[in-house]
file entry_18.cif (mmCIF, C-alpha atoms)
data_structure
loop_
_atom_site.group_PDB
_atom_site.id
_atom_site.type_symbol
_atom_site.label_atom_id
_atom_site.label_comp_id
_atom_site.auth_asym_id
_atom_site.auth_seq_id
_atom_site.Cartn_x
_atom_site.Cartn_y
_atom_site.Cartn_z
ATOM 1 C CA MET A 1 65.251 34.623 -4.077
ATOM 2 C CA SER A 2 65.893 31.669 -6.382
ATOM 3 C CA GLU A 3 68.166 28.986 -4.978
ATOM 4 C CA TRP A 4 69.699 27.971 -8.270
ATOM 5 C CA LEU A 5 68.884 30.431 -11.093
ATOM 6 C CA PRO A 6 71.407 33.278 -11.506
ATOM 7 C CA GLU A 7 70.330 36.233 -9.386
ATOM 8 C CA ASP A 8 70.872 38.648 -12.268
ATOM 9 C CA PHE A 9 68.473 36.656 -14.430
ATOM 10 C CA VAL A 10 65.814 36.560 -11.709
ATOM 11 C CA GLN A 11 66.046 40.302 -11.070
ATOM 12 C CA ARG A 12 65.885 41.211 -14.758
ATOM 13 C CA GLU A 13 62.956 38.892 -15.317
ATOM 14 C CA ARG A 14 61.052 40.393 -12.377
ATOM 15 C CA GLN A 15 61.563 43.863 -13.817
ATOM 16 C CA ARG A 16 60.450 42.809 -17.288
ATOM 17 C CA VAL A 17 56.733 43.576 -16.883
ATOM 18 C CA PHE A 18 54.415 45.038 -19.527
ATOM 19 C CA GLU A 19 51.750 47.465 -18.362
ATOM 20 C CA PRO A 20 48.266 47.718 -19.884
ATOM 21 C CA ASP A 21 47.658 50.905 -21.857
ATOM 22 C CA ALA A 22 44.844 53.299 -21.041
ATOM 23 C CA ASP A 23 42.460 51.810 -23.622
ATOM 24 C CA PHE A 24 42.972 48.165 -22.765
ATOM 25 C CA ALA A 25 39.903 47.833 -20.495
ATOM 26 C CA ARG A 26 37.607 49.302 -23.153
ATOM 27 C CA ARG A 27 39.004 47.002 -25.847
ATOM 28 C CA ALA A 28 38.782 43.948 -23.604
ATOM 29 C CA VAL A 29 35.138 44.601 -22.708
ATOM 30 C CA ALA A 30 34.269 45.245 -26.367
ATOM 31 C CA ARG A 31 35.792 41.888 -27.296
ATOM 32 C CA ILE A 32 33.922 40.136 -24.493
ATOM 33 C CA GLY A 33 30.683 41.520 -25.935
ATOM 34 C CA GLN A 34 31.548 40.032 -29.323
ATOM 35 C CA ASN A 35 32.682 36.630 -28.092
ATOM 36 C CA GLY A 36 30.332 35.710 -25.280
ATOM 37 C CA SER A 37 28.077 33.396 -27.268
ATOM 38 C CA VAL A 38 26.418 30.249 -25.949
ATOM 39 C CA ALA A 39 28.296 28.105 -28.496
ATOM 40 C CA GLU A 40 31.628 29.235 -27.116
ATOM 41 C CA TRP A 41 30.410 28.583 -23.572
ATOM 42 C CA VAL A 42 29.523 24.987 -24.516
ATOM 43 C CA TRP A 43 32.899 24.398 -26.185
ATOM 44 C CA ASP A 44 34.564 25.838 -23.130
ATOM 45 C CA TYR A 45 33.493 22.754 -21.185
ATOM 46 C CA VAL A 46 34.932 20.315 -23.744
ATOM 47 C CA PRO A 47 38.642 19.604 -23.134
ATOM 48 C CA SER A 48 40.799 20.901 -25.980
ATOM 49 C CA TYR A 49 42.193 17.440 -26.782
ATOM 50 C CA ALA A 50 38.643 16.053 -27.291
ATOM 51 C CA ARG A 51 37.418 18.847 -29.560
ATOM 52 C CA PRO A 52 38.670 17.502 -32.923
ATOM 53 C CA MET A 53 37.159 14.069 -32.203
ATOM 54 C CA MET A 54 33.854 15.592 -31.076
ATOM 55 C CA ALA A 55 33.736 17.835 -34.121
ATOM 56 C CA ALA A 56 34.408 14.859 -36.431
ATOM 57 C CA ALA A 57 31.718 12.776 -34.692
ATOM 58 C CA ALA A 58 29.220 15.616 -34.937
ATOM 59 C CA MET A 59 29.977 16.088 -38.645
ATOM 60 C CA LEU A 60 29.597 12.372 -39.346
ATOM 61 C CA LEU A 61 26.296 12.232 -37.479
ATOM 62 C CA LEU A 62 25.031 15.274 -39.324
ATOM 63 C CA ALA A 63 26.088 13.796 -42.666
ATOM 64 C CA LEU A 64 24.309 10.489 -41.934
ATOM 65 C CA ILE A 65 21.133 12.232 -40.815
ATOM 66 C CA SER A 66 21.160 14.461 -43.918
ATOM 67 C CA PHE A 67 21.816 11.481 -46.172
ATOM 68 C CA GLN A 68 19.028 9.459 -44.555
ATOM 69 C CA TRP A 69 16.572 12.337 -44.655
ATOM 70 C CA MET A 70 17.250 13.734 -48.110
ATOM 71 C CA THR A 71 17.940 10.616 -50.173
ATOM 72 C CA PRO A 72 14.844 8.618 -51.250
ATOM 73 C CA ALA A 73 14.714 4.887 -50.607
ATOM 74 C CA PRO A 74 15.698 2.627 -53.541
ATOM 75 C CA PHE A 75 12.185 1.155 -53.772
ATOM 76 C CA PRO A 76 9.106 3.341 -54.132
ATOM 77 C CA ASP A 77 6.741 2.039 -51.460
ATOM 78 C CA ALA A 78 9.221 2.012 -48.601
ATOM 79 C CA ASN A 79 8.674 4.513 -45.856
ATOM 80 C CA VAL A 80 12.348 4.492 -44.863
ATOM 81 C CA GLY A 81 15.487 6.342 -45.842
ATOM 82 C CA ILE A 82 18.410 4.837 -47.726
ATOM 83 C CA VAL A 83 20.450 4.070 -44.599
ATOM 84 C CA ASP A 84 17.591 2.084 -43.036
ATOM 85 C CA ALA A 85 16.969 0.364 -46.358
ATOM 86 C CA TYR A 86 20.636 -0.644 -46.567
ATOM 87 C CA LEU A 87 20.617 -1.992 -43.024
ATOM 88 C CA GLN A 88 17.409 -3.944 -43.652
ATOM 89 C CA VAL A 89 18.609 -5.773 -46.730
ATOM 90 C CA ASP A 90 19.192 -8.998 -44.794
ATOM 91 C CA ALA A 91 15.881 -8.987 -42.908
ATOM 92 C CA ALA A 92 13.154 -11.346 -44.095
ATOM 93 C CA PRO A 93 9.709 -9.776 -44.631
ATOM 94 C CA ALA A 94 8.354 -11.644 -41.609
ATOM 95 C CA GLU A 95 11.125 -10.286 -39.434
ATOM 96 C CA GLU A 96 10.450 -6.746 -40.543
ATOM 97 C CA TRP A 97 6.784 -7.160 -39.840
ATOM 98 C CA LEU A 98 7.558 -8.719 -36.453
ATOM 99 C CA TYR A 99 9.698 -5.768 -35.412
ATOM 100 C CA ARG A 100 7.535 -3.031 -36.831
ATOM 101 C CA ASP A 101 3.994 -4.113 -35.982
ATOM 102 C CA ASP A 102 2.844 -2.637 -32.686
ATOM 103 C CA ALA A 103 -0.284 -4.816 -32.417
ATOM 104 C CA LEU A 104 1.115 -8.340 -32.536
ATOM 105 C CA PRO A 105 -1.097 -11.214 -31.451
ATOM 106 C CA GLU A 106 0.066 -13.761 -28.881
ATOM 107 C CA GLY A 107 0.566 -17.527 -28.849
ATOM 108 C CA GLU A 108 -0.617 -19.665 -31.708
ATOM 109 C CA ASP A 109 -2.003 -16.702 -33.651
ATOM 110 C CA LEU A 110 1.441 -15.170 -33.737
ATOM 111 C CA LEU A 111 3.017 -18.355 -35.121
ATOM 112 C CA ILE A 112 0.323 -18.545 -37.756
ATOM 113 C CA GLU A 113 0.847 -14.951 -38.801
ATOM 114 C CA ILE A 114 4.599 -15.475 -39.000
ATOM 115 C CA SER A 115 4.158 -18.430 -41.319
ATOM 116 C CA MET A 116 1.725 -16.347 -43.352
ATOM 117 C CA ALA A 117 4.304 -13.609 -43.644
ATOM 118 C CA GLY A 118 6.782 -16.052 -45.144
ATOM 119 C CA GLY A 119 8.439 -17.464 -42.047
ATOM 120 C CA LEU A 120 11.674 -16.549 -40.321
ATOM 121 C CA ARG A 121 15.134 -17.392 -41.670
ATOM 122 C CA MET B 1 43.447 43.064 -3.828
ATOM 123 C CA GLU B 2 40.171 44.344 -2.360
ATOM 124 C CA LEU B 3 37.360 44.479 -4.872
ATOM 125 C CA ASP B 4 34.005 46.040 -4.235
ATOM 126 C CA ARG B 5 31.216 43.427 -3.841
ATOM 127 C CA GLU B 6 28.847 45.713 -5.679
ATOM 128 C CA LEU B 7 31.287 45.942 -8.582
ATOM 129 C CA ILE B 8 31.342 42.151 -8.931
ATOM 130 C CA VAL B 9 27.542 41.955 -8.773
ATOM 131 C CA ARG B 10 27.161 44.670 -11.408
ATOM 132 C CA ALA B 11 29.754 43.035 -13.656
ATOM 133 C CA ARG B 12 27.888 39.711 -13.313
ATOM 134 C CA ARG B 13 24.711 41.463 -14.407
ATOM 135 C CA GLY B 14 26.542 42.467 -17.582
ATOM 136 C CA GLU B 15 26.941 46.204 -16.944
ATOM 137 C CA ALA B 16 29.684 47.308 -19.342
ATOM 138 C CA ALA B 17 30.876 50.137 -17.048
ATOM 139 C CA ALA B 18 31.349 47.723 -14.138
ATOM 140 C CA GLN B 19 33.113 45.203 -16.380
ATOM 141 C CA GLU B 20 35.439 47.923 -17.636
ATOM 142 C CA GLU B 21 36.208 49.007 -14.081
ATOM 143 C CA LEU B 22 36.899 45.394 -13.095
ATOM 144 C CA VAL B 23 39.228 44.907 -16.064
ATOM 145 C CA SER B 24 41.052 48.156 -15.218
ATOM 146 C CA ARG B 25 41.702 46.976 -11.677
ATOM 147 C CA LEU B 26 42.725 43.437 -12.586
ATOM 148 C CA ALA B 27 44.697 44.186 -15.768
ATOM 149 C CA PRO B 28 48.034 45.047 -14.033
ATOM 150 C CA LEU B 29 48.005 41.654 -12.295
ATOM 151 C CA VAL B 30 47.107 39.825 -15.513
ATOM 152 C CA PHE B 31 49.776 41.664 -17.505
ATOM 153 C CA ARG B 32 52.420 40.976 -14.862
ATOM 154 C CA LEU B 33 51.661 37.245 -14.899
ATOM 155 C CA ALA B 34 51.505 37.048 -18.706
ATOM 156 C CA SER B 35 54.822 38.958 -18.919
ATOM 157 C CA ARG B 36 56.496 35.972 -17.271
ATOM 158 C CA PHE B 37 55.754 33.795 -20.278
ATOM 159 C CA TYR B 38 56.044 36.130 -23.288
ATOM 160 C CA ARG B 39 58.647 38.539 -24.536
ATOM 161 C CA SER B 40 56.532 40.834 -26.710
ATOM 162 C CA ARG B 41 53.779 43.263 -25.706
ATOM 163 C CA GLU B 42 51.480 41.866 -28.435
ATOM 164 C CA ASP B 43 51.675 38.332 -27.038
ATOM 165 C CA VAL B 44 51.093 39.589 -23.489
ATOM 166 C CA GLU B 45 48.094 41.652 -24.567
ATOM 167 C CA ASP B 46 46.596 38.776 -26.578
ATOM 168 C CA ALA B 47 46.931 36.454 -23.598
ATOM 169 C CA ALA B 48 45.401 39.091 -21.302
ATOM 170 C CA GLN B 49 42.457 39.583 -23.686
ATOM 171 C CA GLU B 50 41.809 35.862 -23.791
ATOM 172 C CA ALA B 51 42.112 35.606 -20.007
ATOM 173 C CA PHE B 52 39.448 38.290 -19.536
ATOM 174 C CA SER B 53 37.197 36.640 -22.141
ATOM 175 C CA ARG B 54 37.386 33.335 -20.243
ATOM 176 C CA PHE B 55 36.971 35.138 -16.927
ATOM 177 C CA PHE B 56 33.748 36.835 -18.007
ATOM 178 C CA LEU B 57 32.402 33.607 -19.514
ATOM 179 C CA LYS B 58 32.632 32.062 -16.047
ATOM 180 C CA ILE B 59 31.740 35.123 -14.025
ATOM 181 C CA GLU B 60 28.381 33.565 -13.093
ATOM 182 C CA GLN B 61 30.321 31.011 -11.023
ATOM 183 C CA ILE B 62 32.108 33.711 -9.027
ATOM 184 C CA ARG B 63 30.499 34.741 -5.761
ATOM 185 C CA PRO B 64 31.023 38.326 -4.579
ATOM 186 C CA ASP B 65 32.999 37.055 -1.552
ATOM 187 C CA ASP B 66 35.344 34.916 -3.641
ATOM 188 C CA ASN B 67 38.990 35.814 -4.143
ATOM 189 C CA VAL B 68 38.627 37.426 -7.568
ATOM 190 C CA SER B 69 42.367 38.069 -7.898
ATOM 191 C CA GLY B 70 42.979 34.361 -7.347
ATOM 192 C CA TRP B 71 40.370 33.529 -9.983
ATOM 193 C CA ILE B 72 41.858 35.778 -12.641
ATOM 194 C CA SER B 73 45.384 34.597 -11.777
ATOM 195 C CA ARG B 74 44.382 30.956 -12.324
ATOM 196 C CA VAL B 75 42.612 31.817 -15.561
ATOM 197 C CA THR B 76 45.631 33.804 -16.816
ATOM 198 C CA VAL B 77 48.122 31.042 -16.038
ATOM 199 C CA ASN B 78 45.907 28.467 -17.754
ATOM 200 C CA VAL B 79 45.494 30.678 -20.825
ATOM 201 C CA CYS B 80 49.271 31.186 -21.067
ATOM 202 C CA TYR B 81 49.866 27.475 -20.551
ATOM 203 C CA ASP B 82 47.403 26.506 -23.312
ATOM 204 C CA ARG B 83 48.832 29.085 -25.716
ATOM 205 C CA LEU B 84 52.441 28.052 -25.065
ATOM 206 C CA ARG B 85 51.611 24.406 -25.714
ATOM 207 C CA LYS B 86 49.767 25.286 -28.913
ATOM 208 C CA LEU B 87 52.675 27.462 -30.049
ATOM 209 C CA ARG B 88 55.140 24.659 -29.391
ATOM 210 C CA ARG B 89 53.063 22.182 -31.413
ATOM 211 C CA GLU B 90 52.906 24.658 -34.289
ATOM 212 C CA ARG B 91 56.662 25.272 -34.140
ATOM 213 C CA SER B 92 57.371 21.532 -34.115
ATOM 214 C CA ALA B 93 55.186 21.084 -37.180
ATOM 215 C CA MET B 94 56.932 23.998 -38.933
ATOM 216 C CA GLU B 95 60.385 22.648 -38.149
ATOM 217 C CA GLU B 96 59.581 19.343 -39.845
ATOM 218 C CA PHE B 97 59.343 21.238 -43.114
ATOM 219 C CA ARG B 98 62.239 23.607 -42.497
ATOM 220 C CA ALA B 99 64.813 23.169 -45.262
ATOM 221 C CA GLU B 100 67.850 24.850 -43.732
ATOM 222 C CA PRO B 101 69.208 23.880 -40.303
ATOM 223 C CA ARG B 102 67.938 25.921 -37.375
ATOM 224 C CA ALA B 103 70.130 28.899 -36.477
ATOM 225 C CA ARG B 104 72.029 28.293 -33.268
ATOM 226 C CA PRO B 105 72.709 31.086 -30.774
ATOM 227 C CA ALA B 106 76.266 32.297 -30.512
ATOM 228 C CA PRO B 107 78.164 30.203 -28.000
ATOM 229 C CA TRP B 108 78.861 31.773 -24.616
ATOM 230 C CA SER B 109 76.890 34.936 -25.256
ATOM 231 C CA ASP B 110 75.432 37.058 -22.465
ATOM 232 C CA ALA B 111 74.538 34.921 -19.416
ATOM 233 C CA TYR B 112 71.020 36.380 -19.228
ATOM 234 C CA ASP B 113 70.333 35.467 -22.865
ATOM 235 C CA ASP B 114 71.684 31.978 -22.276
ATOM 236 C CA VAL B 115 69.415 31.324 -19.318
ATOM 237 C CA ARG B 116 66.476 32.958 -21.049
ATOM 238 C CA ALA B 117 66.970 30.834 -24.179
ATOM 239 C CA ALA B 118 67.254 27.667 -22.091
ATOM 240 C CA VAL B 119 64.055 28.555 -20.189
ATOM 241 C CA ASP B 120 62.181 29.433 -23.398
ATOM 242 C CA ASN B 121 63.177 26.085 -24.817
ATOM 243 C CA LEU B 122 61.531 24.144 -21.999
ATOM 244 C CA ASP B 123 58.192 22.487 -22.576
ATOM 245 C CA ALA B 124 55.269 24.556 -21.219
ATOM 246 C CA ARG B 125 54.502 21.807 -18.685
ATOM 247 C CA LEU B 126 57.876 22.481 -17.057
ATOM 248 C CA ARG B 127 58.319 26.134 -17.916
ATOM 249 C CA VAL B 128 55.112 27.480 -16.392
ATOM 250 C CA PRO B 129 55.582 26.029 -12.893
ATOM 251 C CA LEU B 130 59.278 26.930 -13.025
ATOM 252 C CA LEU B 131 58.647 30.614 -13.753
ATOM 253 C CA LEU B 132 55.795 30.837 -11.250
ATOM 254 C CA LYS B 133 58.001 29.376 -8.539
ATOM 255 C CA GLU B 134 61.337 31.019 -9.266
ATOM 256 C CA ILE B 135 60.365 34.402 -10.739
ATOM 257 C CA GLU B 136 56.911 35.050 -9.278
ATOM 258 C CA GLY B 137 58.109 33.628 -5.971
ATOM 259 C CA LEU B 138 55.060 31.430 -5.384
ATOM 260 C CA SER B 139 55.213 28.381 -3.121
ATOM 261 C CA VAL B 140 54.741 24.856 -4.468
ATOM 262 C CA LYS B 141 51.276 24.836 -2.880
ATOM 263 C CA GLU B 142 50.305 28.069 -4.629
ATOM 264 C CA VAL B 143 51.618 26.861 -7.999
ATOM 265 C CA ALA B 144 49.670 23.609 -7.579
ATOM 266 C CA ALA B 145 46.458 25.496 -6.789
ATOM 267 C CA MET B 146 46.965 27.867 -9.704
ATOM 268 C CA MET B 147 47.596 25.106 -12.244
ATOM 269 C CA GLY B 148 45.086 22.610 -10.866
ATOM 270 C CA LEU B 149 47.812 20.046 -10.114
ATOM 271 C CA SER B 150 48.842 18.116 -7.020
ATOM 272 C CA GLN B 151 51.818 19.399 -5.047
ATOM 273 C CA SER B 152 53.797 16.252 -5.797
ATOM 274 C CA ASN B 153 53.140 16.739 -9.507
ATOM 275 C CA VAL B 154 54.454 20.312 -9.299
ATOM 276 C CA LYS B 155 57.563 19.129 -7.420
ATOM 277 C CA ILE B 156 58.246 16.528 -10.105
ATOM 278 C CA ARG B 157 57.871 19.117 -12.855
ATOM 279 C CA LEU B 158 60.193 21.535 -11.059
ATOM 280 C CA TYR B 159 62.761 18.811 -10.600
ATOM 281 C CA ARG B 160 62.625 17.898 -14.296
ATOM 282 C CA ALA B 161 62.811 21.568 -15.306
ATOM 283 C CA ARG B 162 65.925 22.077 -13.193
ATOM 284 C CA LYS B 163 67.590 18.978 -14.594
ATOM 285 C CA LYS B 164 66.874 19.994 -18.199
ATOM 286 C CA LEU B 165 67.939 23.558 -17.593
ATOM 287 C CA ALA B 166 71.167 22.473 -15.937
ATOM 288 C CA VAL B 167 71.997 20.245 -18.906
ATOM 289 C CA ALA B 168 71.116 22.999 -21.411
ATOM 290 C CA LEU B 169 73.229 25.605 -19.618
ATOM 291 C CA GLU B 170 76.110 23.212 -19.106
ATOM 292 C CA SER B 171 76.362 22.637 -22.844
ATOM 293 C CA ARG B 172 76.326 26.367 -23.608
ATOM 294 C CA GLN B 173 78.944 27.537 -21.140
ATOM 295 C CA PRO B 174 82.675 27.693 -21.795
ATOM 296 C CA PRO B 175 84.480 24.711 -20.306
ATOM 297 C CA ALA B 176 86.053 26.858 -17.591
ATOM 298 C CA LEU B 177 82.617 27.833 -16.211
ATOM 299 C CA ARG B 178 80.920 24.451 -16.477
ATOM 300 C CA GLY B 179 79.652 23.083 -13.208
ATOM 301 C CA ASP B 180 78.462 26.489 -11.913
ATOM 302 C CA VAL B 181 74.787 25.539 -12.117
ATOM 303 C CA THR B 182 73.871 23.335 -9.226
ATOM 304 C CA GLU B 183 70.605 21.663 -8.372
ATOM 305 C CA GLY B 184 68.664 23.373 -5.581
ATOM 306 C CA THR B 185 66.595 21.735 -2.889
ATOM 307 C CA GLU B 186 62.798 21.815 -2.893
ATOM 308 C CA SER B 187 61.111 24.309 -0.610
#
call {"tool": "encode", "arguments": {"input": "entry_18.cif", "output": "structure tokens"}}
result
Amino acid sequence: MSEWLPEDFVQRERQRVFEPDADFARRAVARIGQNGSVAEWVWDYVPSYARPMMAAAAMLLLALISFQWMTPAPFPDANVGIVDAYLQVDAAPAEEWLYRDDALPEGEDLLIEISMAGGLR
Amino acid sequence: MELDRELIVRARRGEAAAQEELVSRLAPLVFRLASRFYRSREDVEDAAQEAFSRFFLKIEQIRPDDNVSGWISRVTVNVCYDRLRKLRRERSAMEEFRAEPRARPAPWSDAYDDVRAAVDNLDARLRVPLLLKEIEGLSVKEVAAMMGLSQSNVKIRLYRARKKLAVALESRQPPALRGDVTEGTES
């Protein structure tokens, strides 16, 4: 018994119960068969408040990847996409070479090669 | 509610007949709980459908010895809670664009309608624990377990719900009856 809600209200509310119809179980199981995909299971673990932000981040990432992959670089001999090309605008040729070459020499040879490549900024 | 271990195992394996049997046995409990929060059969049935969808998505986590009724009760309450909050956000957004002022209920109408309207007007965060405690007759500990909250959090929500409800009812009663609603003590 409620200590502070009117007793009449409590009793009427307790009696106000809907019962499932005879076909409910069949309909519920049919819907489970339609909805039980892996994608829904993954989203189920993401809190509802974080979903819009995650969806926006995923869309942005996808758009950047598509843009990078599908758009040719602004200069013909570059083996990079337009996003990389944009980010590399400020790098000197020697810097690019320094970061990209996987067989760099050591010591004095390295300094020589850097100066040959045009030097660092 | 006693549920056959074999039934749970078969339902986990994805046997439609076992799933249907499980839904049939659990549906009265789910409908009763959902009826606390909605006034139309359609809303109750939608909530029940969603509760069973979520339940079967997580059925792999349920062991045959687990309290399946407790599981489905928690899922149902959480589904209703999420849906009520979503509905309230949608209503708030709609009301921003409403041209004419919102219709007010007739003053001092039937006492049941008054209390019901005041309860329906509460935020879902307060309304759900309130109805589980006062109408379903659950203890604070049971409400906390069902909603995934601490007991002190549930007590705070109940206290706030009572305060808001008392204020709402006070303003809707004729002056002669004001002061009838008193604050109860926590059990």
call {"tool": "resolve_selection", "arguments": {"input": "entry_18.cif", "expression": "the PyMOL selection byres ((chain B and resi 73) around 8)", "output": "list in words"}}
result
Leu29, Val30, Leu33, Ser69, Gly70, Trp71, Ile72, Arg74, Val75, Thr76, Val77 and Met146 of chain B
call {"tool": "atom_distance", "arguments": {"input": "entry_18.cif", "atom1": "CA of Lys155 (chain B)", "atom2": "CA of Arg54 (chain B)"}}
result
27.8 Å
call {"tool": "closest_residue", "arguments": {"input": "entry_18.cif", "among": "B:Pro28, B:Gly14, B:Pro129, B:Gly148", "to": "chain A", "atoms": "only C-alpha atoms"}}
result
B:Pro28
call {"tool": "residues_around", "arguments": {"input": "entry_18.cif", "residues": "Arg5 (chain B)", "least_positions_apart": "3", "cutoff": "12 Å", "atoms": "all atoms listed in the file", "output": "mmCIF file with C-alpha atoms, keeping the file's coordinate frame"}}
result
data_model
loop_
_atom_site.group_PDB
_atom_site.id
_atom_site.type_symbol
_atom_site.label_atom_id
_atom_site.label_comp_id
_atom_site.auth_asym_id
_atom_site.auth_seq_id
_atom_site.Cartn_x
_atom_site.Cartn_y
_atom_site.Cartn_z
ATOM 1 C CA GLU B 2 40.171 44.344 -2.360
ATOM 2 C CA ILE B 8 31.342 42.151 -8.931
ATOM 3 C CA VAL B 9 27.542 41.955 -8.773
ATOM 4 C CA ARG B 10 27.161 44.670 -11.408
ATOM 5 C CA ALA B 11 29.754 43.035 -13.656
ATOM 6 C CA ARG B 12 27.888 39.711 -13.313
ATOM 7 C CA ALA B 18 31.349 47.723 -14.138
ATOM 8 C CA LEU B 22 36.899 45.394 -13.095
ATOM 9 C CA ILE B 62 32.108 33.711 -9.027
ATOM 10 C CA ARG B 63 30.499 34.741 -5.761
ATOM 11 C CA PRO B 64 31.023 38.326 -4.579
ATOM 12 C CA ASP B 65 32.999 37.055 -1.552
ATOM 13 C CA ASP B 66 35.344 34.916 -3.641
ATOM 14 C CA ASN B 67 38.990 35.814 -4.143
ATOM 15 C CA VAL B 68 38.627 37.426 -7.568
#
call {"tool": "interface_residues", "arguments": {"input": "entry_18.cif", "of": "chain B", "to": "chain A", "cutoff": "8 Å", "atoms": "all atoms listed in the file", "output": "PyMOL selection string"}}
result
chain B and resi 16+19-21+23-24+27-28+31-32+35-36+41+44-45+49+52-53+56-57+112+115-116+134-137+181-185
call {"tool": "write_last_selection", "arguments": {"input": "entry_18.cif", "atoms": "C-alpha atoms", "output": "short mmCIF file (atom, residue, chain, number, x, y, z; two decimals), in the frame of the given file"}}
result
data_model
loop_
_atom_site.label_atom_id
_atom_site.label_comp_id
_atom_site.auth_asym_id
_atom_site.auth_seq_id
_atom_site.Cartn_x
_atom_site.Cartn_y
_atom_site.Cartn_z
CA ALA B 16 29.68 47.31 -19.34
CA GLN B 19 33.11 45.20 -16.38
CA GLU B 20 35.44 47.92 -17.64
CA GLU B 21 36.21 49.01 -14.08
CA VAL B 23 39.23 44.91 -16.06
CA SER B 24 41.05 48.16 -15.22
CA ALA B 27 44.70 44.19 -15.77
CA PRO B 28 48.03 45.05 -14.03
CA PHE B 31 49.78 41.66 -17.50
CA ARG B 32 52.42 40.98 -14.86
CA SER B 35 54.82 38.96 -18.92
CA ARG B 36 56.50 35.97 -17.27
CA ARG B 41 53.78 43.26 -25.71
CA VAL B 44 51.09 39.59 -23.49
CA GLU B 45 48.09 41.65 -24.57
CA GLN B 49 42.46 39.58 -23.69
CA PHE B 52 39.45 38.29 -19.54
CA SER B 53 37.20 36.64 -22.14
CA PHE B 56 33.75 36.84 -18.01
CA LEU B 57 32.40 33.61 -19.51
CA TYR B 112 71.02 36.38 -19.23
CA VAL B 115 69.42 31.32 -19.32
CA ARG B 116 66.48 32.96 -21.05
CA GLU B 134 61.34 31.02 -9.27
CA ILE B 135 60.36 34.40 -10.74
CA GLU B 136 56.91 35.05 -9.28
CA GLY B 137 58.11 33.63 -5.97
CA VAL B 181 74.79 25.54 -12.12
CA THR B 182 73.87 23.34 -9.23
CA GLU B 183 70.60 21.66 -8.37
CA GLY B 184 68.66 23.37 -5.58
CA THR B 185 66.60 21.74 -2.89
#
call {"tool": "atom_distance", "arguments": {"input": "entry_18.cif", "atom1": "CA of Arg85 (chain B)", "atom2": "CA of Arg125 (chain B)"}}
result
8.0 Å
call {"tool": "atom_distance", "arguments": {"input": "entry_18.cif", "atom1": "CA of Cys80 (chain B)", "atom2": "CA of Phe55 (chain B)"}}
result
13.6 Å
call {"tool": "closest_residue", "arguments": {"input": "entry_18.cif", "among": "B:Asp43, B:Glu6, B:Ala166, B:Ala161", "to": "Lys133 (chain B)", "atoms": "only C-alpha atoms"}}
result
B:Ala161
